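Asks: My structure file model.tsv, TSV, C-alpha atoms, is below:
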```
chain	number	residue	atom	x	y	z
A	12	MET	CA	-14.17	-55.79	4.04
A	13	ASN	CA	-17.79	-56.72	4.70
A	14	ALA	CA	-19.69	-59.13	2.49
A	15	CYS	CA	-23.00	-58.12	0.91
A	16	ARG	CA	-25.95	-58.76	3.22
A	17	GLY	CA	-27.91	-60.12	0.28
A	18	CYS	CA	-25.71	-62.13	-2.07
A	19	GLY	CA	-22.67	-62.59	0.15
A	20	MET	CA	-20.18	-61.17	-2.36
A	21	PRO	CA	-17.45	-58.77	-1.16
A	22	ASP	CA	-17.92	-56.27	-4.00
A	23	LEU	CA	-19.19	-53.29	-2.02
A	24	GLN	CA	-18.82	-49.59	-2.75
A	25	ARG	CA	-19.25	-46.81	-0.19
A	26	VAL	CA	-21.93	-44.42	-1.48
A	27	LEU	CA	-22.81	-42.37	1.64
A	28	ASP	CA	-20.75	-41.70	4.75
A	29	LEU	CA	-22.14	-39.63	7.62
A	30	GLY	CA	-19.21	-40.29	9.93
A	31	ARG	CA	-19.84	-40.72	13.66
A	32	VAL	CA	-23.37	-39.93	14.81
A	33	PRO	CA	-25.57	-40.79	17.82
A	34	ALA	CA	-27.51	-44.05	17.79
A	35	ALA	CA	-30.81	-43.47	16.04
A	36	ASP	CA	-32.83	-45.52	18.51
A	37	ASP	CA	-31.28	-44.40	21.82
A	38	PHE	CA	-33.27	-41.52	23.31
A	39	PRO	CA	-31.67	-40.74	26.69
A	40	ARG	CA	-33.73	-39.39	29.55
A	41	ILE	CA	-33.72	-35.63	29.78
A	42	THR	CA	-32.13	-35.94	33.22
A	43	ASP	CA	-29.12	-37.74	31.70
A	44	SER	CA	-26.35	-35.31	30.78
A	45	VAL	CA	-25.11	-35.34	27.19
A	46	ARG	CA	-22.11	-37.66	27.03
A	47	ASP	CA	-19.09	-37.00	24.84
A	48	ASP	CA	-19.29	-40.53	23.43
A	49	GLU	CA	-22.94	-40.39	22.34
A	50	ALA	CA	-21.96	-39.47	18.78
A	51	SER	CA	-19.60	-42.40	18.38
A	52	HIS	CA	-21.40	-44.74	16.00
A	53	PHE	CA	-20.34	-44.90	12.35
A	54	LEU	CA	-23.20	-44.51	9.90
A	55	ALA	CA	-22.59	-45.31	6.24
A	56	MET	CA	-24.29	-46.91	3.23
A	57	ASP	CA	-22.60	-49.42	0.94
A	58	MET	CA	-23.87	-50.72	-2.37
A	59	CYS	CA	-23.19	-54.15	-3.85
A	60	THR	CA	-21.93	-54.02	-7.42
A	61	VAL	CA	-23.09	-57.61	-7.98
A	62	CYS	CA	-26.73	-57.66	-6.82
A	63	GLY	CA	-27.33	-53.91	-6.45
A	64	LEU	CA	-28.48	-54.02	-2.83
A	65	ALA	CA	-27.89	-50.77	-0.92
A	66	GLN	CA	-27.20	-51.56	2.70
A	67	LEU	CA	-26.07	-50.34	6.09
A	68	ALA	CA	-22.32	-50.75	6.30
A	69	ASP	CA	-22.07	-51.56	10.01
A	70	ASP	CA	-24.15	-51.19	13.15
A	71	ASP	CA	-22.66	-51.38	16.64
A	72	THR	CA	-25.80	-50.02	18.35
A	73	THR	CA	-27.71	-52.33	20.66
A	74	THR	CA	-30.27	-50.07	22.32
A	75	ALA	CA	-34.01	-50.73	22.24
A	76	GLU	CA	-36.18	-48.39	20.25
A	77	PRO	CA	-39.00	-46.63	22.15
A	78	CYS	CA	-42.25	-47.67	20.54
A	79	GLY	CA	-43.53	-45.04	18.15
A	80	ILE	CA	-47.09	-44.10	17.27
A	81	GLU	CA	-48.22	-45.23	13.84
A	82	PRO	CA	-49.01	-42.16	11.72
A	83	GLN	CA	-52.45	-41.87	10.16
A	84	ALA	CA	-50.81	-41.69	6.73
A	85	LEU	CA	-49.39	-45.17	7.27
A	86	LYS	CA	-52.76	-46.54	8.38
A	87	ASP	CA	-54.47	-45.03	5.35
A	88	GLN	CA	-51.88	-46.46	3.00
A	89	ALA	CA	-52.21	-49.94	4.53
A	90	ALA	CA	-55.97	-49.88	3.96
A	91	GLU	CA	-55.46	-48.73	0.38
A	92	ALA	CA	-52.86	-51.45	-0.20
A	93	VAL	CA	-55.16	-54.23	1.00
A	94	ARG	CA	-57.98	-52.82	-1.14
A	95	ARG	CA	-55.84	-52.81	-4.28
A	96	VAL	CA	-54.48	-56.33	-3.71
A	97	HIS	CA	-58.04	-57.55	-3.16
A	98	GLU	CA	-59.26	-55.88	-6.35
A	99	SER	CA	-56.41	-57.53	-8.27
A	100	GLY	CA	-57.79	-60.95	-7.35
A	101	ARG	CA	-54.58	-61.99	-5.60
A	102	LEU	CA	-55.95	-61.90	-2.05
A	103	ARG	CA	-56.82	-65.59	-1.95
A	104	GLY	CA	-56.93	-68.15	0.87
A	105	ARG	CA	-57.89	-68.09	4.52
A	106	THR	CA	-54.70	-67.82	6.60
A	107	VAL	CA	-52.32	-64.93	7.14
A	108	ARG	CA	-48.98	-64.43	8.85
A	109	GLU	CA	-47.39	-61.03	9.48
A	110	TYR	CA	-43.78	-60.05	10.06
A	111	GLY	CA	-44.02	-56.89	12.10
A	112	SER	CA	-41.97	-53.71	12.00
A	113	PRO	CA	-40.43	-52.14	15.13
A	114	HIS	CA	-42.13	-48.92	14.02
A	115	GLY	CA	-45.51	-50.40	14.88
A	116	GLY	CA	-48.67	-50.95	12.86
A	117	THR	CA	-50.39	-54.10	11.63
A	118	TRP	CA	-52.41	-55.20	8.62
A	119	LEU	CA	-54.07	-58.12	10.43
A	120	PRO	CA	-57.39	-56.35	11.21
A	121	LEU	CA	-57.63	-55.37	7.55
A	122	LEU	CA	-57.12	-58.98	6.47
A	123	ALA	CA	-59.60	-60.19	9.09
A	124	GLU	CA	-62.27	-58.14	7.30
A	125	HIS	CA	-61.65	-60.39	4.28
A	126	GLY	CA	-62.02	-63.58	6.32
A	127	PHE	CA	-58.35	-64.30	7.06
A	128	THR	CA	-57.20	-65.77	10.37
A	129	VAL	CA	-53.69	-65.66	11.84
A	130	HIS	CA	-51.62	-68.78	11.23
A	131	ASP	CA	-48.07	-69.50	12.45
A	132	ASP	CA	-47.39	-72.29	9.95
A	133	PRO	CA	-47.00	-71.58	6.22
A	134	ALA	CA	-49.82	-69.18	5.43
A	135	ASP	CA	-51.77	-68.26	2.31
A	136	ILE	CA	-50.81	-64.60	2.73
A	137	VAL	CA	-47.56	-63.45	4.34
A	138	ILE	CA	-47.20	-59.73	5.03
A	139	ASP	CA	-44.04	-57.75	5.63
A	140	SER	CA	-44.57	-53.99	5.69
A	141	PHE	CA	-41.25	-52.20	6.30
A	142	GLY	CA	-40.09	-55.07	8.50
A	143	ILE	CA	-37.55	-57.08	6.52
A	144	MET	CA	-35.16	-54.13	6.20
A	145	HIS	CA	-34.44	-54.47	9.93
A	146	ASP	CA	-32.80	-57.89	9.54
A	147	PRO	CA	-28.97	-57.75	9.24
A	148	ASN	CA	-28.89	-61.07	7.37
A	149	GLN	CA	-30.96	-60.28	4.31
A	150	ARG	CA	-30.43	-63.59	2.56
A	151	ALA	CA	-31.67	-65.53	5.60
A	152	ALA	CA	-34.60	-63.13	6.11
A	153	PHE	CA	-35.90	-63.70	2.58
A	154	ALA	CA	-35.46	-67.46	2.92
A	155	GLU	CA	-37.45	-67.38	6.18
A	156	ARG	CA	-40.35	-65.47	4.60
A	157	ALA	CA	-40.37	-67.78	1.61
A	158	ALA	CA	-40.64	-70.77	3.95
A	159	ALA	CA	-43.50	-69.06	5.80
A	160	THR	CA	-45.49	-68.75	2.55
A	161	ALA	CA	-47.73	-71.68	1.61
A	162	PRO	CA	-46.95	-73.46	-1.69
A	163	ASP	CA	-49.77	-71.58	-3.47
A	164	GLY	CA	-49.51	-68.54	-1.20
A	165	LEU	CA	-48.50	-64.94	-1.72
A	166	LEU	CA	-45.77	-62.93	-0.03
A	167	LEU	CA	-46.46	-59.18	0.21
A	168	LEU	CA	-43.44	-56.96	0.79
A	169	GLN	CA	-43.77	-53.21	1.21
A	170	PHE	CA	-40.64	-51.08	1.02
A	171	HIS	CA	-39.44	-47.50	0.75
A	172	SER	CA	-37.97	-47.37	-2.73
A	173	LEU	CA	-34.27	-46.61	-3.13
A	174	ALA	CA	-35.22	-44.73	-6.30
A	175	THR	CA	-37.42	-42.44	-4.19
A	176	ILE	CA	-34.64	-41.93	-1.66
A	177	VAL	CA	-32.27	-40.85	-4.41
A	178	ARG	CA	-34.69	-38.75	-6.47
A	179	LEU	CA	-35.98	-36.84	-3.44
A	180	ALA	CA	-32.53	-36.68	-1.77
A	181	GLN	CA	-33.85	-38.50	1.32
A	182	TRP	CA	-30.38	-39.17	2.69
A	183	ASN	CA	-31.70	-39.40	6.25
A	184	ALA	CA	-33.51	-42.63	5.39
A	185	LEU	CA	-30.10	-44.07	6.30
A	186	ARG	CA	-30.14	-44.97	9.97
A	187	HIS	CA	-28.95	-47.58	12.43
A	188	GLY	CA	-31.16	-50.65	12.47
A	189	HIS	CA	-32.16	-50.24	8.80
A	190	PHE	CA	-29.93	-52.78	7.10
A	191	ALA	CA	-31.26	-52.68	3.52
A	192	TYR	CA	-32.57	-50.08	1.04
A	193	TYR	CA	-34.27	-51.77	-1.88
A	194	SER	CA	-34.58	-51.14	-5.56
A	195	ALA	CA	-37.11	-53.36	-7.29
A	196	SER	CA	-34.33	-54.98	-9.32
A	197	ALA	CA	-32.33	-55.88	-6.19
A	198	LEU	CA	-35.48	-57.18	-4.52
A	199	VAL	CA	-36.27	-59.41	-7.51
A	200	ARG	CA	-32.85	-61.01	-7.18
A	201	LEU	CA	-33.23	-61.55	-3.43
A	202	LEU	CA	-36.58	-63.22	-4.02
A	203	ASP	CA	-35.18	-65.35	-6.82
A	204	ASP	CA	-32.42	-66.59	-4.53
A	205	ALA	CA	-35.18	-67.61	-2.09
A	206	GLY	CA	-37.05	-69.49	-4.83
A	207	MET	CA	-39.76	-66.89	-5.40
A	208	ARG	CA	-40.89	-64.82	-8.38
A	209	ALA	CA	-42.10	-61.23	-8.19
A	210	VAL	CA	-45.52	-61.38	-9.84
A	211	ASP	CA	-47.11	-57.98	-9.20
A	212	ALA	CA	-46.37	-54.51	-7.84
A	213	TRP	CA	-48.31	-51.47	-6.69
A	214	THR	CA	-46.89	-48.00	-6.00
A	215	PHE	CA	-48.00	-45.46	-3.39
A	216	ASP	CA	-47.19	-41.86	-2.50
A	217	LEU	CA	-46.25	-42.66	1.11
A	218	TYR	CA	-42.75	-41.37	2.01
A	219	GLY	CA	-42.57	-39.87	-1.46
A	220	GLY	CA	-42.78	-43.27	-3.13
A	221	THR	CA	-43.20	-46.77	-1.72
A	222	VAL	CA	-43.77	-50.08	-3.47
A	223	LEU	CA	-45.81	-53.11	-2.48
A	224	LEU	CA	-44.45	-56.16	-4.25
A	225	ALA	CA	-46.18	-59.55	-4.43
A	226	ALA	CA	-44.19	-62.76	-4.83
A	227	ALA	CA	-45.13	-66.39	-5.37
A	228	HIS	CA	-43.12	-69.60	-5.25
A	229	GLY	CA	-41.23	-70.48	-8.41
A	230	ARG	CA	-38.77	-68.74	-10.67
A	231	GLY	CA	-39.27	-66.92	-13.93
A	232	THR	CA	-39.72	-63.52	-15.50
A	233	PRO	CA	-41.19	-60.90	-13.15
A	234	GLY	CA	-44.73	-59.72	-13.84
A	235	ASP	CA	-45.39	-56.76	-16.12
A	236	SER	CA	-46.11	-54.31	-13.28
A	237	VAL	CA	-42.86	-55.33	-11.57
A	238	GLN	CA	-40.91	-54.79	-14.77
A	239	GLN	CA	-42.47	-51.34	-15.10
A	240	VAL	CA	-41.24	-50.38	-11.61
A	241	ILE	CA	-37.76	-51.56	-12.59
A	242	VAL	CA	-37.89	-49.43	-15.75
A	243	ASP	CA	-39.09	-46.40	-13.78
A	244	GLU	CA	-36.18	-46.62	-11.34
A	245	VAL	CA	-33.48	-46.75	-14.03
A	246	GLY	CA	-31.00	-43.92	-13.56
A	247	ALA	CA	-31.81	-43.45	-9.89
A	248	THR	CA	-30.34	-46.63	-8.43
A	249	ASP	CA	-26.84	-46.93	-9.88
A	250	PRO	CA	-23.93	-46.16	-7.53
A	251	CYS	CA	-23.14	-42.82	-9.16
A	252	ALA	CA	-26.69	-41.58	-8.56
A	253	VAL	CA	-26.80	-42.89	-5.00
A	254	ARG	CA	-23.54	-41.05	-4.21
A	255	GLY	CA	-25.46	-37.83	-4.75
A	256	LEU	CA	-26.97	-38.39	-1.32
A	257	GLN	CA	-23.65	-37.26	0.20
A	258	HIS	CA	-24.08	-33.79	-1.30
A	259	ALA	CA	-27.70	-33.75	-0.18
A	260	ALA	CA	-26.76	-34.54	3.44
A	261	ASP	CA	-24.11	-31.85	3.63
A	262	ASP	CA	-26.29	-29.14	2.10
A	263	HIS	CA	-29.39	-30.13	4.05
A	264	ALA	CA	-27.58	-29.75	7.38
A	265	ARG	CA	-26.11	-26.40	6.36
A	266	SER	CA	-29.39	-24.98	5.05
A	267	LEU	CA	-31.39	-26.06	8.09
A	268	ARG	CA	-28.89	-24.55	10.52
A	269	ALA	CA	-28.80	-21.29	8.55
A	270	TRP	CA	-32.60	-21.08	8.63
A	271	LEU	CA	-32.72	-21.79	12.36
A	272	GLU	CA	-30.04	-19.19	13.09
A	273	ASN	CA	-31.96	-16.64	11.03
A	274	GLU	CA	-35.24	-17.35	12.84
A	275	THR	CA	-33.78	-17.28	16.33
A	276	GLY	CA	-31.76	-14.21	15.40
A	277	PHE	CA	-35.06	-12.42	14.82
A	278	GLY	CA	-36.26	-13.54	18.24
A	279	ASN	CA	-38.59	-16.32	17.03
A	280	ARG	CA	-39.04	-19.33	19.32
A	281	VAL	CA	-38.58	-22.44	17.20
A	282	TYR	CA	-39.84	-25.87	18.19
A	283	ALA	CA	-40.00	-29.10	16.18
A	284	TYR	CA	-42.51	-31.90	15.83
A	285	GLY	CA	-41.48	-35.52	15.34
A	286	ALA	CA	-38.67	-37.08	17.36
A	287	ALA	CA	-38.09	-39.41	14.47
A	288	SER	CA	-35.07	-41.69	14.22
A	289	ARG	CA	-34.29	-40.14	10.83
A	290	ALA	CA	-33.98	-36.72	12.50
A	291	VAL	CA	-31.18	-37.88	14.81
A	292	ALA	CA	-28.35	-37.67	12.26
A	293	LEU	CA	-29.72	-34.36	10.91
A	294	PHE	CA	-29.74	-32.74	14.37
A	295	HIS	CA	-26.18	-33.92	14.89
A	296	LEU	CA	-24.84	-32.82	11.50
A	297	ALA	CA	-26.54	-29.42	11.81
A	298	GLY	CA	-25.21	-28.94	15.35
A	299	ILE	CA	-28.68	-28.28	16.78
A	300	ASP	CA	-29.11	-27.52	20.47
A	301	ARG	CA	-31.69	-25.76	22.67
A	302	ARG	CA	-30.51	-22.38	21.48
A	303	LEU	CA	-31.86	-23.20	18.01
A	304	VAL	CA	-34.70	-25.63	18.79
A	305	THR	CA	-36.35	-25.25	22.20
A	306	ALA	CA	-37.93	-28.72	22.21
A	307	VAL	CA	-39.26	-31.48	19.96
A	308	ALA	CA	-42.84	-32.66	20.40
A	309	ASP	CA	-43.77	-36.28	19.79
A	310	ALA	CA	-47.00	-38.21	20.29
A	311	SER	CA	-45.19	-41.30	21.60
A	312	PRO	CA	-45.32	-41.49	25.42
A	313	GLY	CA	-42.19	-43.64	25.25
A	314	LYS	CA	-40.17	-40.71	23.92
A	315	GLN	CA	-41.62	-37.94	26.06
A	316	GLY	CA	-39.37	-36.97	28.97
A	317	ARG	CA	-36.33	-37.96	26.94
A	318	ARG	CA	-34.09	-35.92	24.65
A	319	MET	CA	-32.83	-36.05	21.10
A	320	PRO	CA	-29.69	-38.23	21.06
A	321	GLY	CA	-26.45	-36.26	21.21
A	322	THR	CA	-28.24	-33.00	22.02
A	323	ASP	CA	-29.78	-31.21	24.99
A	324	VAL	CA	-33.09	-30.76	23.12
A	325	PRO	CA	-35.92	-32.25	25.22
A	326	ILE	CA	-38.83	-34.27	23.83
A	327	ILE	CA	-42.21	-33.05	25.00
A	328	SER	CA	-45.85	-33.95	24.42
A	329	PRO	CA	-47.92	-32.30	21.67
A	330	GLU	CA	-50.04	-30.69	24.40
A	331	GLU	CA	-46.95	-29.01	25.83
A	332	LEU	CA	-46.07	-27.78	22.34
A	333	VAL	CA	-49.49	-26.18	21.88
A	334	ALA	CA	-49.31	-24.59	25.34
A	335	ALA	CA	-45.90	-23.07	24.55
A	336	GLU	CA	-47.38	-21.04	21.65
A	337	PRO	CA	-44.24	-21.28	19.49
A	338	ASP	CA	-43.49	-18.93	16.61
A	339	ARG	CA	-42.29	-21.70	14.30
A	340	VAL	CA	-42.64	-25.48	14.34
A	341	VAL	CA	-40.31	-27.52	12.12
A	342	LEU	CA	-42.04	-30.70	11.00
A	343	THR	CA	-39.43	-33.44	10.59
A	344	LEU	CA	-41.75	-35.88	8.77
A	345	VAL	CA	-43.63	-34.42	5.81
A	346	ASP	CA	-46.21	-37.25	5.78
A	347	LEU	CA	-47.49	-36.05	9.16
A	348	LEU	CA	-48.56	-32.63	7.87
A	349	PRO	CA	-52.25	-33.35	7.16
A	350	GLU	CA	-52.59	-35.13	10.51
A	351	VAL	CA	-50.97	-32.46	12.67
A	352	GLU	CA	-52.75	-29.62	10.87
A	353	ARG	CA	-56.06	-31.30	11.67
A	354	ARG	CA	-55.20	-32.14	15.29
A	355	TYR	CA	-53.59	-28.84	16.29
A	356	PRO	CA	-55.49	-26.01	14.57
A	357	THR	CA	-53.98	-23.37	16.89
A	358	LEU	CA	-50.60	-23.99	15.23
A	359	ALA	CA	-51.92	-23.03	11.79
A	360	GLY	CA	-49.45	-20.86	9.92
A	361	LYS	CA	-46.55	-21.91	12.15
A	362	TRP	CA	-45.61	-25.18	10.48
A	363	ARG	CA	-42.36	-25.30	8.49
A	364	VAL	CA	-41.85	-28.52	6.54
A	365	ASP	CA	-38.25	-29.70	6.64
A	366	THR	CA	-37.37	-32.07	3.81
A	367	ALA	CA	-34.27	-34.10	3.14
A	368	GLY	CA	-34.25	-32.44	-0.28
A	369	ALA	CA	-33.73	-29.01	1.31
A	370	TRP	CA	-30.61	-28.56	-0.83
A	371	LEU	CA	-32.74	-28.49	-3.98
A	372	PRO	CA	-33.70	-25.12	-5.57
A	373	SER	CA	-37.12	-25.29	-3.87
A	374	ARG	CA	-35.68	-25.37	-0.35
A	375	CYS	CA	-36.62	-21.78	0.49
A	376	GLU	CA	-40.23	-22.39	-0.47
A	377	ARG	CA	-40.39	-25.59	1.56
A	378	LEU	CA	-38.79	-24.11	4.67
A	379	ASP	CA	-40.77	-20.87	4.47
A	380	ALA	CA	-44.09	-22.35	3.40
A	381	SER	CA	-46.92	-22.47	5.88
```
Translate the structure of the given file into structure tokens.
Replies:
Amino acid sequence: MNACRGCGMPDLQRVLDLGRVPAADDFPRITDSVRDDEASHFLAMDMCTVCGLAQLADDDTTTAEPCGIEPQALKDQAAEAVRRVHESGRLRGRTVREYGSPHGGTWLPLLAEHGFTVHDDPADIVIDSFGIMHDPNQRAAFAERAAATAPDGLLLLQFHSLATIVRLAQWNALRHGHFAYYSASALVRLLDDAGMRAVDAWTFDLYGGTVLLAAAHGRGTPGDSVQQVIVDEVGATDPCAVRGLQHAADDHARSLRAWLENETGFGNRVYAYGAASRAVALFHLAGIDRRLVTAVADASPGKQGRRMPGTDVPIISPEELVAAEPDRVVLTLVDLLPEVERRYPTLAGKWRVDTAGAWLPSRCERLDAS
């Protein structure tokens, strides 16, 4: 039995099991034939009954992730986050250090506008936006970031809330390389173990609900805004609620395949946009191939000319998608909708937003909405 990645205790419960799926960050070249062993990596989520940390059970994948393009929604949210921290009066000091995310993006230019310079030693402001979840040793990762924060400094951690994942049935947030899924209460404990206190929190609509949490050295009662986030997530982060993601995954895969079969049965040519890592398990569970989805467009040059893992579905450029004049385009990442609608006006009326919550009563409206 594995020990908890956060507190080290062995008291883990399995809350989501997707079985064997392809590696989420291994996009083979389109010229490489689909191998029988591509879908051979276990993907499951465990939850610690002691500290409450939801976490990736195991990860035997070792492939490098092609660099993605940072969505405009993420850039906009970063600017808004820096603005709100500044207005709170907590953006103090002159030095900044950033722990990056493999998904790209940086807050450093935004901090430079406020007079901050990059510093490798303990810094006044330490930023981690969706980065720390990629560390398999969570306890060590939090200790490292605490050490990187100056004695009077501030650690800023942005995370996709586990409460959001559960409430919106975002089961496909589970993927290889993402080792932790945080509730505010679990994060407070991880910070406390590293000698830090959560002093403030801000919430954003990105991904359906993200949290930016600020921490300072010292222990004690979390700040009022942090306690409010903890109260708001009650009922959505206990193991029984998290287990509901299993039902969501099964129904999402079935409903998407049924919709695709219906569309192609009527002769419609269906494409997709967004070769996202979170779409890999969905494509596998739904049994998607080129008969159902002709190709997936993605703005990342590193993914173009490759294929969706475990399938024969090629990844093409957005320009190739527009030129193909598809009948339907399934958008795998809802946050991209405003951006792609603005960039590709000729695809107006063809977008179909696929959500992880497709099993909910609103699924027909979401899949059929333009």
Asks: Using only C-alpha atoms, give me every residue within 12 Å of (-47.2, -61.2, 10.5) in file coordinates, as a ChimeraX atom specification.
Replies: /A:106-112,115-120,122,128-143,156,159-160,166-168
Asks: I need every residue sitting at most 9 Å from the point (-44.6, -62.7, -6.3) (coordinates as in the file, all atoms listed in the file considered), written as a list in words.
Replies: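 Residues found, by chain and rising number: Leu165, Leu166, Leu167, Leu202, Met207, Arg208, Ala209, Val210, Asp211, Ala212, Leu224, Ala225, Ala226, Ala227, His228, Gly229, Pro233 and Gly234 of chain A.
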Asks: For Ala14 (chain A), which residue out of A:Ala68, A:Ala34, A:Leu29, A:Ala359 is the nearest one, using all atoms listed in the file?
Replies: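 The shortest atom-to-atom distance to Ala14 (chain A) comes from A:Ala68.
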Asks: Taking all atoms listed in the file into account, name the residue in A:Leu293, A:Met144, A:Val345, A:Ala90 that is nearest to Tyr193 (chain A).
Replies: A:Met144
Asks: When you look at Ala283 (chain A) with a cut-off of 6 Å (counting all atoms listed in the file), what residues show up, excluding the ones that are within fewer than 5 positions of it in the same chain? I need them as number ranges by chain.
Replies: A: 307, 340-342
Asks: Quick one: of A:Val96, A:Val324, A:Ala152, A:Val253, who's nearest to His125 (chain A), counting all atoms listed in the file?
Replies: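 Using all atoms listed in the file, the shortest distance to His125 (chain A) belongs to A:Val96.
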Asks: Taking 5 positions as the minimum chain separation for residues in the same chain, which residues sit within 12 Å of Asp338 (chain A) when counting only C-alpha atoms? Answer as a list in words.
Replies: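 Final neighbour list, sorted by chain and number: Leu271, Glu274, Thr275, Phe277, Gly278, Asn279, Arg280, Val281, Tyr282, Ala283, Val304, Thr305, Leu332, Val333, Thr357, Leu358, Ala359, Gly360, Lys361, Trp362, Arg363 and Ser381 of chain A.
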Asks: Select, from A:Asn183, A:Thr72, A:Ser51, A:Thr214, the residue with the minimum atom-to-atom distance to Val237 (chain A), counting all atoms listed in the file.
Replies: A:Thr214
Asks: Please measure the separation of CA of Leu85 (chain A) and CA of Leu344 (chain A), giving the value in Å to one decimal.
Replies: 12.1 Å
Asks: Using all atoms listed in the file, which residues sit within 8 Å of Ser288 (chain A) once same-chain residues fewer than 2 positions away are excluded, as a PyMOL selection string?
Replies: chain A and resi 35-36+186+286+290-291
Asks: Separation of CA of Arg94 (chain A) and CA of Phe127 (chain A), in Å?
Replies: 14.1 Å
Asks: Would you pick out the contacts of region 16-18 of chain A at 7 Å or less, using all atoms listed in the file, so that residues sharing its chain but fewer than 4 positions from it are not included, and give the list as a ChimeraX atom specification?
Replies: /A:62,64,147-150,201
Asks: Save out the residues we just selected, C-alpha atoms, as a short mmCIF file (atom, residue, chain, number, x, y, z; two decimals), in the frame of the given file.
Replies:
```
data_model
loop_
_atom_site.label_atom_id
_atom_site.label_comp_id
_atom_site.auth_asym_id
_atom_site.auth_seq_id
_atom_site.Cartn_x
_atom_site.Cartn_y
_atom_site.Cartn_z
CA CYS A 62 -26.73 -57.66 -6.82
CA LEU A 64 -28.48 -54.02 -2.83
CA PRO A 147 -28.97 -57.75 9.24
CA ASN A 148 -28.89 -61.07 7.37
CA GLN A 149 -30.96 -60.28 4.31
CA ARG A 150 -30.43 -63.59 2.56
CA LEU A 201 -33.23 -61.55 -3.43
#
```
Asks: Would you compute the distance between CA of Leu347 (chain A) and CA of Arg301 (chain A)? Give it in Å to one decimal.
Replies: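 Pair CA of Leu347 (chain A) / CA of Arg301 (chain A) returns 23.2 Å.
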